[in-house]
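For reference, coords_12.pdb is printed below; it contains PDB, C-alpha atoms.
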ATOM      1  CA  MET A   1     -59.128-135.702   4.788  1.00  0.00           C
ATOM      2  CA  SER A   2     -57.608-132.424   5.906  1.00  0.00           C
ATOM      3  CA  ALA A   3     -59.546-129.916   8.018  1.00  0.00           C
ATOM      4  CA  LYS A   4     -60.435-126.610   6.456  1.00  0.00           C
ATOM      5  CA  PRO A   5     -58.812-123.586   8.080  1.00  0.00           C
ATOM      6  CA  PHE A   6     -61.183-121.632  10.342  1.00  0.00           C
ATOM      7  CA  ASN A   7     -62.612-118.520   8.643  1.00  0.00           C
ATOM      8  CA  PHE A   8     -62.712-115.463  10.938  1.00  0.00           C
ATOM      9  CA  TRP A   9     -64.623-113.205   8.541  1.00  0.00           C
ATOM     10  CA  PRO A  10     -68.129-114.153   9.771  1.00  0.00           C
ATOM     11  CA  LEU A  11     -67.063-113.591  13.393  1.00  0.00           C
ATOM     12  CA  SER A  12     -65.494-110.200  12.625  1.00  0.00           C
ATOM     13  CA  ILE A  13     -68.614-109.051  10.766  1.00  0.00           C
ATOM     14  CA  ALA A  14     -70.842-110.211  13.644  1.00  0.00           C
ATOM     15  CA  GLY A  15     -68.508-108.487  16.125  1.00  0.00           C
ATOM     16  CA  PHE A  16     -68.620-105.254  14.123  1.00  0.00           C
ATOM     17  CA  ILE A  17     -72.449-105.349  14.052  1.00  0.00           C
ATOM     18  CA  GLY A  18     -72.463-106.002  17.807  1.00  0.00           C
ATOM     19  CA  VAL A  19     -70.200-102.977  18.448  1.00  0.00           C
ATOM     20  CA  VAL A  20     -72.442-100.771  16.273  1.00  0.00           C
ATOM     21  CA  ILE A  21     -75.526-101.899  18.220  1.00  0.00           C
ATOM     22  CA  LEU A  22     -73.775-101.162  21.545  1.00  0.00           C
ATOM     23  CA  LEU A  23     -72.766 -97.679  20.349  1.00  0.00           C
ATOM     24  CA  ILE A  24     -76.326 -96.954  19.209  1.00  0.00           C
ATOM     25  CA  ALA A  25     -77.680 -98.076  22.589  1.00  0.00           C
ATOM     26  CA  TRP A  26     -75.124 -95.893  24.416  1.00  0.00           C
ATOM     27  CA  THR A  27     -76.031 -92.882  22.248  1.00  0.00           C
ATOM     28  CA  VAL A  28     -79.747 -93.324  22.954  1.00  0.00           C
ATOM     29  CA  TYR A  29     -79.065 -93.712  26.687  1.00  0.00           C
ATOM     30  CA  PHE A  30     -76.885 -90.567  26.762  1.00  0.00           C
ATOM     31  CA  ALA A  31     -79.466 -88.586  24.758  1.00  0.00           C
ATOM     32  CA  LEU A  32     -82.228 -89.597  27.155  1.00  0.00           C
ATOM     33  CA  GLN A  33     -80.133 -88.410  30.112  1.00  0.00           C
ATOM     34  CA  ASN A  34     -79.678 -84.962  28.500  1.00  0.00           C
ATOM     35  CA  PRO A  35     -82.869 -84.123  26.601  1.00  0.00           C
ATOM     36  CA  VAL A  36     -83.100 -80.881  24.670  1.00  0.00           C
ATOM     37  CA  GLN A  37     -86.003 -79.831  26.925  1.00  0.00           C
ATOM     38  CA  ARG A  38     -83.473 -79.203  29.696  1.00  0.00           C
ATOM     39  CA  ASP A  39     -81.476 -76.695  27.657  1.00  0.00           C
ATOM     40  CA  ASP A  40     -82.042 -73.224  29.067  1.00  0.00           C
ATOM     41  CA  SER A  41     -79.406 -71.196  27.251  1.00  0.00           C
ATOM     42  CA  PHE A  42     -81.749 -68.239  26.792  1.00  0.00           C
ATOM     43  CA  LEU A  43     -83.733 -68.805  30.030  1.00  0.00           C
ATOM     44  CA  ALA A  44     -86.673 -69.939  27.951  1.00  0.00           C
ATOM     45  CA  SER A  45     -88.136 -73.292  27.024  1.00  0.00           C
ATOM     46  CA  TYR A  46     -86.527 -74.879  24.018  1.00  0.00           C
ATOM     47  CA  GLN A  47     -89.766 -74.462  22.040  1.00  0.00           C
ATOM     48  CA  GLU A  48     -89.824 -70.719  22.717  1.00  0.00           C
ATOM     49  CA  ALA A  49     -86.106 -70.348  21.982  1.00  0.00           C
ATOM     50  CA  ASP A  50     -86.490 -72.326  18.766  1.00  0.00           C
ATOM     51  CA  ALA A  51     -89.454 -70.214  17.647  1.00  0.00           C
ATOM     52  CA  ARG A  52     -87.622 -66.945  18.414  1.00  0.00           C
ATOM     53  CA  ILE A  53     -84.028 -67.887  17.548  1.00  0.00           C
ATOM     54  CA  ASN A  54     -83.672 -65.328  14.744  1.00  0.00           C
ATOM     55  CA  THR A  55     -84.960 -62.539  16.983  1.00  0.00           C
ATOM     56  CA  ILE A  56     -82.761 -63.713  19.859  1.00  0.00           C
ATOM     57  CA  GLN A  57     -79.653 -63.723  17.667  1.00  0.00           C
ATOM     58  CA  GLU A  58     -80.476 -60.275  16.283  1.00  0.00           C
ATOM     59  CA  GLU A  59     -81.049 -58.856  19.778  1.00  0.00           C
ATOM     60  CA  GLN A  60     -77.832 -60.441  21.033  1.00  0.00           C
ATOM     61  CA  LYS A  61     -75.802 -59.072  18.125  1.00  0.00           C
ATOM     62  CA  GLN A  62     -77.179 -55.581  18.731  1.00  0.00           C
ATOM     63  CA  PHE A  63     -76.475 -55.797  22.483  1.00  0.00           C
ATOM     64  CA  THR A  64     -72.885 -57.042  22.101  1.00  0.00           C
ATOM     65  CA  THR A  65     -72.181 -54.457  19.405  1.00  0.00           C
ATOM     66  CA  LEU A  66     -73.205 -51.585  21.685  1.00  0.00           C
ATOM     67  CA  TYR A  67     -72.346 -52.847  25.184  1.00  0.00           C
ATOM     68  CA  GLN A  68     -70.104 -55.188  27.103  1.00  0.00           C
ATOM     69  CA  LEU A  69     -70.297 -56.568  30.624  1.00  0.00           C
ATOM     70  CA  LYS A  70     -67.311 -56.094  32.930  1.00  0.00           C
ATOM     71  CA  TRP A  71     -67.372 -58.424  35.910  1.00  0.00           C
ATOM     72  CA  GLN A  72     -66.122 -57.089  39.232  1.00  0.00           C
ATOM     73  CA  GLY A  73     -62.960 -58.675  40.567  1.00  0.00           C
ATOM     74  CA  ILE A  74     -61.860 -59.965  37.153  1.00  0.00           C
ATOM     75  CA  ASN A  75     -58.977 -57.706  36.170  1.00  0.00           C
ATOM     76  CA  THR A  76     -56.883 -59.928  33.959  1.00  0.00           C
ATOM     77  CA  PRO A  77     -58.585 -63.257  33.538  1.00  0.00           C
ATOM     78  CA  HIS A  78     -56.035 -66.035  33.458  1.00  0.00           C
ATOM     79  CA  LEU A  79     -55.985 -69.617  34.541  1.00  0.00           C
ATOM     80  CA  PRO A  80     -53.173 -71.391  36.340  1.00  0.00           C
ATOM     81  CA  GLN A  81     -51.026 -73.317  33.875  1.00  0.00           C
ATOM     82  CA  SER A  82     -51.542 -76.535  35.831  1.00  0.00           C
ATOM     83  CA  GLN A  83     -55.234 -76.587  34.990  1.00  0.00           C
ATOM     84  CA  SER A  84     -56.222 -78.172  31.701  1.00  0.00           C
ATOM     85  CA  TYR A  85     -59.538 -77.530  30.039  1.00  0.00           C
ATOM     86  CA  SER A  86     -61.035 -78.551  26.735  1.00  0.00           C
ATOM     87  CA  ARG A  87     -60.923 -76.025  23.921  1.00  0.00           C
ATOM     88  CA  GLY A  88     -64.719 -75.846  23.808  1.00  0.00           C
ATOM     89  CA  GLN A  89     -64.867 -74.142  27.171  1.00  0.00           C
ATOM     90  CA  ASN A  90     -64.818 -70.364  27.432  1.00  0.00           C
ATOM     91  CA  ILE A  91     -63.680 -69.973  31.027  1.00  0.00           C
ATOM     92  CA  ALA A  92     -63.318 -66.310  31.934  1.00  0.00           C
ATOM     93  CA  ALA A  93     -62.043 -66.581  35.506  1.00  0.00           C
ATOM     94  CA  PHE A  94     -60.603 -68.861  38.170  1.00  0.00           C
ATOM     95  CA  PHE A  95     -61.653 -68.442  41.810  1.00  0.00           C
ATOM     96  CA  ASP A  96     -59.923 -69.970  44.852  1.00  0.00           C
ATOM     97  CA  SER A  97     -63.129 -70.024  46.851  1.00  0.00           C
ATOM     98  CA  LEU A  98     -66.603 -71.486  46.858  1.00  0.00           C
ATOM     99  CA  HIS A  99     -67.921 -68.628  49.020  1.00  0.00           C
ATOM    100  CA  PHE A 100     -69.011 -65.320  47.500  1.00  0.00           C
ATOM    101  CA  PRO A 101     -70.438 -63.283  50.412  1.00  0.00           C
ATOM    102  CA  LYS A 102     -70.818 -60.200  48.201  1.00  0.00           C
ATOM    103  CA  GLY A 103     -72.259 -62.233  45.330  1.00  0.00           C
ATOM    104  CA  PHE A 104     -71.319 -61.568  41.740  1.00  0.00           C
ATOM    105  CA  ALA A 105     -71.340 -58.096  40.238  1.00  0.00           C
ATOM    106  CA  PHE A 106     -70.915 -56.544  36.819  1.00  0.00           C
ATOM    107  CA  HIS A 107     -71.307 -53.172  35.185  1.00  0.00           C
ATOM    108  CA  ILE A 108     -72.230 -52.380  31.628  1.00  0.00           C
ATOM    109  CA  GLU A 109     -69.833 -50.391  29.466  1.00  0.00           C
ATOM    110  CA  SER A 110     -70.613 -48.770  26.166  1.00  0.00           C
ATOM    111  CA  ARG A 111     -68.520 -49.966  23.217  1.00  0.00           C
ATOM    112  CA  GLU A 112     -69.533 -47.102  20.980  1.00  0.00           C
ATOM    113  CA  ASP A 113     -70.446 -43.510  21.650  1.00  0.00           C
ATOM    114  CA  VAL A 114     -73.956 -44.340  22.864  1.00  0.00           C
ATOM    115  CA  SER A 115     -75.613 -43.792  26.204  1.00  0.00           C
ATOM    116  CA  LEU A 116     -75.786 -46.649  28.672  1.00  0.00           C
ATOM    117  CA  PRO A 117     -79.009 -48.635  28.619  1.00  0.00           C
ATOM    118  CA  LYS A 118     -81.731 -48.157  31.218  1.00  0.00           C
ATOM    119  CA  VAL A 119     -81.913 -51.662  32.689  1.00  0.00           C
ATOM    120  CA  THR A 120     -85.446 -52.616  33.680  1.00  0.00           C
ATOM    121  CA  HIS A 121     -84.951 -56.231  34.759  1.00  0.00           C
ATOM    122  CA  ILE A 122     -82.222 -58.900  34.900  1.00  0.00           C
ATOM    123  CA  GLU A 123     -82.881 -62.638  35.017  1.00  0.00           C
ATOM    124  CA  ALA A 124     -79.975 -64.994  35.658  1.00  0.00           C
ATOM    125  CA  LEU A 125     -79.241 -68.621  36.401  1.00  0.00           C
ATOM    126  CA  LEU A 126     -76.144 -70.011  38.124  1.00  0.00           C
ATOM    127  CA  THR A 127     -75.655 -73.535  36.862  1.00  0.00           C
ATOM    128  CA  ARG A 128     -73.113 -76.216  36.146  1.00  0.00           C
ATOM    129  CA  PRO A 129     -72.778 -77.339  32.546  1.00  0.00           C
ATOM    130  CA  HIS A 130     -74.391 -80.725  31.863  1.00  0.00           C
ATOM    131  CA  THR A 131     -76.394 -80.915  35.099  1.00  0.00           C
ATOM    132  CA  LYS A 132     -79.334 -79.118  36.688  1.00  0.00           C
ATOM    133  CA  GLU A 133     -78.707 -80.480  40.180  1.00  0.00           C
ATOM    134  CA  ASN A 134     -77.188 -77.320  41.711  1.00  0.00           C
ATOM    135  CA  ASP A 135     -79.033 -74.614  39.764  1.00  0.00           C
ATOM    136  CA  GLN A 136     -79.630 -71.319  41.569  1.00  0.00           C
ATOM    137  CA  ILE A 137     -81.659 -68.333  40.423  1.00  0.00           C
ATOM    138  CA  LEU A 138     -79.686 -65.100  40.779  1.00  0.00           C
ATOM    139  CA  THR A 139     -81.322 -61.724  41.197  1.00  0.00           C
ATOM    140  CA  PHE A 140     -79.150 -58.784  40.193  1.00  0.00           C
ATOM    141  CA  GLU A 141     -80.017 -55.467  41.799  1.00  0.00           C
ATOM    142  CA  PRO A 142     -78.449 -52.043  41.129  1.00  0.00           C
ATOM    143  CA  ASP A 143     -75.614 -51.200  43.540  1.00  0.00           C
ATOM    144  CA  SER A 144     -73.946 -47.861  42.641  1.00  0.00           C
ATOM    145  CA  ASN A 145     -72.296 -48.523  39.243  1.00  0.00           C
ATOM    146  CA  PHE A 146     -72.783 -52.274  39.470  1.00  0.00           C
ATOM    147  CA  TYR A 147     -75.544 -54.832  39.273  1.00  0.00           C
ATOM    148  CA  ARG A 148     -74.952 -57.187  42.193  1.00  0.00           C
ATOM    149  CA  SER A 149     -76.413 -60.591  43.001  1.00  0.00           C
ATOM    150  CA  GLN A 150     -77.275 -61.982  46.396  1.00  0.00           C
ATOM    151  CA  PRO A 151     -74.499 -63.805  48.321  1.00  0.00           C
ATOM    152  CA  VAL A 152     -73.633 -67.156  46.757  1.00  0.00           C
ATOM    153  CA  GLU A 153     -72.228 -70.317  48.266  1.00  0.00           C
ATOM    154  CA  LEU A 154     -71.271 -72.962  45.723  1.00  0.00           C
ATOM    155  CA  PRO A 155     -71.910 -76.529  46.890  1.00  0.00           C
ATOM    156  CA  THR A 156     -68.976 -78.004  44.987  1.00  0.00           C
ATOM    157  CA  HIS A 157     -65.880 -77.036  43.031  1.00  0.00           C
ATOM    158  CA  GLY A 158     -65.677 -77.188  39.258  1.00  0.00           C
ATOM    159  CA  ARG A 159     -66.951 -75.368  36.215  1.00  0.00           C
ATOM    160  CA  TRP A 160     -69.840 -72.952  36.753  1.00  0.00           C
ATOM    161  CA  LEU A 161     -71.837 -70.777  34.431  1.00  0.00           C
ATOM    162  CA  ILE A 162     -73.922 -67.655  34.949  1.00  0.00           C
ATOM    163  CA  GLN A 163     -76.262 -67.105  32.051  1.00  0.00           C
ATOM    164  CA  GLY A 164     -78.853 -64.411  31.930  1.00  0.00           C
ATOM    165  CA  VAL A 165     -81.116 -61.995  30.165  1.00  0.00           C
ATOM    166  CA  ILE A 166     -80.987 -58.217  30.490  1.00  0.00           C
ATOM    167  CA  HIS A 167     -84.195 -56.357  29.688  1.00  0.00           C
ATOM    168  CA  TYR A 168     -83.433 -52.715  28.966  1.00  0.00           C
ATOM    169  CA  GLU A 169     -84.619 -49.609  27.189  1.00  0.00           C
ATOM    170  CA  ASP A 170     -82.495 -47.856  24.607  1.00  0.00           C
ATOM    171  CA  SER A 171     -82.223 -44.077  24.209  1.00  0.00           C
ATOM    172  CA  PHE A 172     -85.534 -44.060  22.280  1.00  0.00           C
ATOM    173  CA  SER A 173     -87.365 -45.943  25.100  1.00  0.00           C
ATOM    174  CA  ASN A 174     -87.676 -49.085  22.988  1.00  0.00           C
ATOM    175  CA  SER A 175     -87.758 -52.329  24.961  1.00  0.00           C
ATOM    176  CA  LYS A 176     -84.756 -54.487  24.117  1.00  0.00           C
ATOM    177  CA  THR A 177     -83.210 -57.705  25.366  1.00  0.00           C
ATOM    178  CA  GLY A 178     -79.587 -58.763  25.697  1.00  0.00           C
ATOM    179  CA  TYR A 179     -78.129 -62.078  26.765  1.00  0.00           C
ATOM    180  CA  PHE A 180     -74.960 -62.787  28.731  1.00  0.00           C
ATOM    181  CA  ARG A 181     -72.897 -65.785  29.703  1.00  0.00           C
ATOM    182  CA  PHE A 182     -70.054 -65.872  32.256  1.00  0.00           C
ATOM    183  CA  GLU A 183     -68.215 -69.153  32.702  1.00  0.00           C
ATOM    184  CA  PHE A 184     -65.747 -69.668  35.548  1.00  0.00           C
ATOM    185  CA  PHE A 185     -63.925 -72.342  37.504  1.00  0.00           C
ATOM    186  CA  ALA A 186     -64.164 -72.404  41.300  1.00  0.00           C
ATOM    187  CA  GLN A 187     -61.974 -74.410  43.633  1.00  0.00           C
ATOM    188  CA  ASP A 188     -62.021 -74.529  47.413  1.00  0.00           C
ATOM    189  CA  SER A 189     -58.741 -73.030  48.651  1.00  0.00           C
ATOM    190  CA  LYS A 190     -58.843 -75.328  51.703  1.00  0.00           C
ATOM    191  CA  THR A 191     -58.323 -78.446  49.612  1.00  0.00           C
TER     192      THR A 191
END
Would you mind writing the file's structure down as structure tokens?
Amino acid sequence: MSAKPFNFWPLSIAGFIGVVILLIAWTVYFALQNPVQRDDSFLASYQEADARINTIQEEQKQFTTLYQLKWQGINTPHLPQSQSYSRGQNIAAFFDSLHFPKGFAFHIESREDVSLPKVTHIEALLTRPHTKENDQILTFEPDSNFYRSQPVELPTHGRWLIQGVIHYEDSFSNSKTGYFRFEFFAQDSKT
């Protein structure tokens, strides 16, 4: 009596199911490490941002149509060719230092023929994407033509993000809100 050849189909199906289960477990683990509650894109809880998303988008569109932020010390943003970044990143500048004794500063320019806004308050957060470990609250105060933050010392090199909210009054004294995001890469020049 001859032996039947071994059939690999049941093993391959079981292996495929095992791989699917492992991928599901990895997805759940990754999602639990980065819950939506930790997203602070608009410096608000995710519930508040979700409830106001249409208003937020309308305010942001109005702000970016009328004004733009120009960051001090960023003349022609370019990155060294040796650095490689994913296409999803919007890195505006590269710094050869982790020390910013004068902080970060920007001024607001008008895109159209409208008067500059009367800024009443600026809230900002210096953070690293995908982690909350090194978050710092930045306070921007008026300094001649600029709004300048306190001195900043970054604990580590890598990608950093300043995201914030500008509360301002337009020419009709209506309270408005604008949002900004400035992403940069910092590297210690000593290394």
Which residues of segment 115-189 of chain A come within 12 Å of segment 49-58 of chain A, and what is each one's closest atom pair and distance in Å (one decimal), counting only C-alpha atoms, sorted by chain and residue number, as a tab-separated table?
residue	atom	partner	partner_atom	distance
A:Val165	CA	A:Ile56	CA	10.6
A:Lys176	CA	A:Ile56	CA	10.4
A:Thr177	CA	A:Ile56	CA	8.2
A:Gly178	CA	A:Ile56	CA	8.3
A:Tyr179	CA	A:Ile56	CA	8.5
A:Phe180	CA	A:Ile56	CA	11.9
Could you write out that same residue set with C-alpha atoms as an mmCIF file, keeping the file's coordinate frame?
data_model
loop_
_atom_site.group_PDB
_atom_site.id
_atom_site.type_symbol
_atom_site.label_atom_id
_atom_site.label_comp_id
_atom_site.auth_asym_id
_atom_site.auth_seq_id
_atom_site.Cartn_x
_atom_site.Cartn_y
_atom_site.Cartn_z
ATOM 1 C CA VAL A 165 -81.116 -61.995 30.165
ATOM 2 C CA LYS A 176 -84.756 -54.487 24.117
ATOM 3 C CA THR A 177 -83.210 -57.705 25.366
ATOM 4 C CA GLY A 178 -79.587 -58.763 25.697
ATOM 5 C CA TYR A 179 -78.129 -62.078 26.765
ATOM 6 C CA PHE A 180 -74.960 -62.787 28.731
#
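Ranking A:Ser2, A:Gln136, A:Ser115, A:Thr127 by their shortest atom-to-atom distance to Leu66 of chain A, with all atoms listed in the file included, puts A:Ser115 first.
From atom CA of Gln60 of chain A back to atom CA of Ser175 of chain A, the distance works out to 13.4 Å.
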Residues within 9 Å of (-76.8, -62.6, 39.4), file coordinates, counting all atoms listed in the file: what are they? Give the list as a short mmCIF file (atom, residue, chain, number, x, y, z; two decimals) with C-alpha atoms, in the frame of the given file.
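Final output, point11.cif:
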data_model
loop_
_atom_site.label_atom_id
_atom_site.label_comp_id
_atom_site.auth_asym_id
_atom_site.auth_seq_id
_atom_site.Cartn_x
_atom_site.Cartn_y
_atom_site.Cartn_z
CA GLY A 103 -72.26 -62.23 45.33
CA PHE A 104 -71.32 -61.57 41.74
CA ALA A 105 -71.34 -58.10 40.24
CA PHE A 106 -70.92 -56.54 36.82
CA ILE A 122 -82.22 -58.90 34.90
CA GLU A 123 -82.88 -62.64 35.02
CA ALA A 124 -79.97 -64.99 35.66
CA LEU A 125 -79.24 -68.62 36.40
CA LEU A 126 -76.14 -70.01 38.12
CA ILE A 137 -81.66 -68.33 40.42
CA LEU A 138 -79.69 -65.10 40.78
CA THR A 139 -81.32 -61.72 41.20
CA PHE A 140 -79.15 -58.78 40.19
CA GLU A 141 -80.02 -55.47 41.80
CA TYR A 147 -75.54 -54.83 39.27
CA ARG A 148 -74.95 -57.19 42.19
CA SER A 149 -76.41 -60.59 43.00
CA GLN A 150 -77.28 -61.98 46.40
CA ILE A 162 -73.92 -67.66 34.95
CA GLN A 163 -76.26 -67.10 32.05
CA GLY A 164 -78.85 -64.41 31.93
#
How far is it from atom CA of Arg181 of chain A to atom CA of His130 of chain A, in Å with one decimal? 15.2 Å
Hey, what's within 9 Å of Phe182 of chain A if we count all atoms listed in the file and toss same-chain stuff fewer than 5 positions away? As a count of residues only, please? 10
Suppose you want the space between atom CA of Ser189 of chain A and atom CA of Asp96 of chain A; what is it in Å? 5.0 Å
Might I get the box with edges along x, y and z of the file that holds all atoms of segment 60-71 of chain A listed there, padded by 5 Å on every side, given as centre and edge lengths in Å to one decimal, as lines of an AutoDock Vina configuration file?
center_x = -72.6
center_y = -56.0
center_z = 27.0
size_x = 20.5
size_y = 18.9
size_z = 27.8
Within 10 Å of His99 of chain A, counting all atoms listed in the file, which residues show up once you throw out same-chain ones fewer than 4 positions away? Write them as a ChimeraX atom specification, please. /A:95,103,151-155,186-188
Counting only C-alpha atoms, which residue out of A:Pro129, A:Arg159, A:Asp113, A:Trp9 sits closest to Phe184 of chain A? A:Arg159
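On the file presented, the PyMOL selection byres ((chain A and resi 170) around 10) picks out A:Val114, A:Ser115, A:Leu116, A:Pro117, A:Lys118, A:Val119, A:Tyr168, A:Glu169, A:Ser171, A:Phe172, A:Ser173, A:Asn174, A:Ser175, A:Lys176, A:Thr177.
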Got a sec to resolve the PyMOL selection byres ((chain A and resi 107) around 6) on this structure and send the residues as a ChimeraX atom specification? /A:69-70,106,108,146
Using all atoms listed in the file, the best pick from A:Ser45, A:Asp143, A:Phe6, A:Gly15 as closest to Gln72 of chain A would be A:Asp143
Once N, CA and C atoms are restored for segment 112-130 of chain A, what would the output be as a PDB file, in the frame of the given file?
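Wrote result27.pdb, looks like this:
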ATOM      1  N   GLU A 112     -69.513 -48.211  21.922  1.00  0.00           N
ATOM      2  CA  GLU A 112     -69.533 -47.102  20.980  1.00  0.00           C
ATOM      3  C   GLU A 112     -69.955 -45.849  21.730  1.00  0.00           C
ATOM      4  N   ASP A 113     -70.069 -44.772  21.017  1.00  0.00           N
ATOM      5  CA  ASP A 113     -70.446 -43.510  21.650  1.00  0.00           C
ATOM      6  C   ASP A 113     -71.969 -43.427  21.795  1.00  0.00           C
ATOM      7  N   VAL A 114     -72.519 -44.333  22.603  1.00  0.00           N
ATOM      8  CA  VAL A 114     -73.956 -44.340  22.864  1.00  0.00           C
ATOM      9  C   VAL A 114     -74.164 -44.304  24.372  1.00  0.00           C
ATOM     10  N   SER A 115     -75.335 -43.847  24.765  1.00  0.00           N
ATOM     11  CA  SER A 115     -75.613 -43.792  26.204  1.00  0.00           C
ATOM     12  C   SER A 115     -75.843 -45.196  26.741  1.00  0.00           C
ATOM     13  N   LEU A 116     -75.582 -45.351  28.039  1.00  0.00           N
ATOM     14  CA  LEU A 116     -75.786 -46.649  28.672  1.00  0.00           C
ATOM     15  C   LEU A 116     -77.271 -46.986  28.701  1.00  0.00           C
ATOM     16  N   PRO A 117     -77.598 -48.257  28.634  1.00  0.00           N
ATOM     17  CA  PRO A 117     -79.009 -48.635  28.619  1.00  0.00           C
ATOM     18  C   PRO A 117     -79.664 -48.440  29.983  1.00  0.00           C
ATOM     19  N   LYS A 118     -80.957 -48.223  29.975  1.00  0.00           N
ATOM     20  CA  LYS A 118     -81.731 -48.157  31.218  1.00  0.00           C
ATOM     21  C   LYS A 118     -82.244 -49.571  31.475  1.00  0.00           C
ATOM     22  N   VAL A 119     -81.576 -50.267  32.402  1.00  0.00           N
ATOM     23  CA  VAL A 119     -81.913 -51.662  32.689  1.00  0.00           C
ATOM     24  C   VAL A 119     -83.212 -51.706  33.483  1.00  0.00           C
ATOM     25  N   THR A 120     -84.168 -52.489  32.990  1.00  0.00           N
ATOM     26  CA  THR A 120     -85.446 -52.616  33.680  1.00  0.00           C
ATOM     27  C   THR A 120     -85.534 -53.892  34.511  1.00  0.00           C
ATOM     28  N   HIS A 121     -84.853 -54.961  34.046  1.00  0.00           N
ATOM     29  CA  HIS A 121     -84.951 -56.231  34.759  1.00  0.00           C
ATOM     30  C   HIS A 121     -83.821 -57.149  34.294  1.00  0.00           C
ATOM     31  N   ILE A 122     -83.266 -57.925  35.222  1.00  0.00           N
ATOM     32  CA  ILE A 122     -82.222 -58.900  34.900  1.00  0.00           C
ATOM     33  C   ILE A 122     -82.648 -60.250  35.456  1.00  0.00           C
ATOM     34  N   GLU A 123     -82.633 -61.264  34.602  1.00  0.00           N
ATOM     35  CA  GLU A 123     -82.881 -62.638  35.017  1.00  0.00           C
ATOM     36  C   GLU A 123     -81.581 -63.401  34.834  1.00  0.00           C
ATOM     37  N   ALA A 124     -81.223 -64.243  35.790  1.00  0.00           N
ATOM     38  CA  ALA A 124     -79.975 -64.994  35.658  1.00  0.00           C
ATOM     39  C   ALA A 124     -80.081 -66.343  36.356  1.00  0.00           C
ATOM     40  N   LEU A 125     -79.284 -67.270  35.867  1.00  0.00           N
ATOM     41  CA  LEU A 125     -79.241 -68.621  36.401  1.00  0.00           C
ATOM     42  C   LEU A 125     -77.784 -69.004  36.609  1.00  0.00           C
ATOM     43  N   LEU A 126     -77.471 -69.467  37.814  1.00  0.00           N
ATOM     44  CA  LEU A 126     -76.144 -70.011  38.124  1.00  0.00           C
ATOM     45  C   LEU A 126     -76.273 -71.521  38.016  1.00  0.00           C
ATOM     46  N   THR A 127     -75.504 -72.115  37.131  1.00  0.00           N
ATOM     47  CA  THR A 127     -75.655 -73.535  36.862  1.00  0.00           C
ATOM     48  C   THR A 127     -74.303 -74.164  36.573  1.00  0.00           C
ATOM     49  N   ARG A 128     -74.287 -75.469  36.583  1.00  0.00           N
ATOM     50  CA  ARG A 128     -73.113 -76.216  36.146  1.00  0.00           C
ATOM     51  C   ARG A 128     -73.443 -76.802  34.786  1.00  0.00           C
ATOM     52  N   PRO A 129     -72.513 -76.739  33.851  1.00  0.00           N
ATOM     53  CA  PRO A 129     -72.778 -77.339  32.546  1.00  0.00           C
ATOM     54  C   PRO A 129     -73.075 -78.831  32.687  1.00  0.00           C
ATOM     55  N   HIS A 130     -74.037 -79.313  31.959  1.00  0.00           N
ATOM     56  CA  HIS A 130     -74.391 -80.725  31.863  1.00  0.00           C
ATOM     57  C   HIS A 130     -75.126 -81.282  33.077  1.00  0.00           C
TER      58      HIS A 130
END
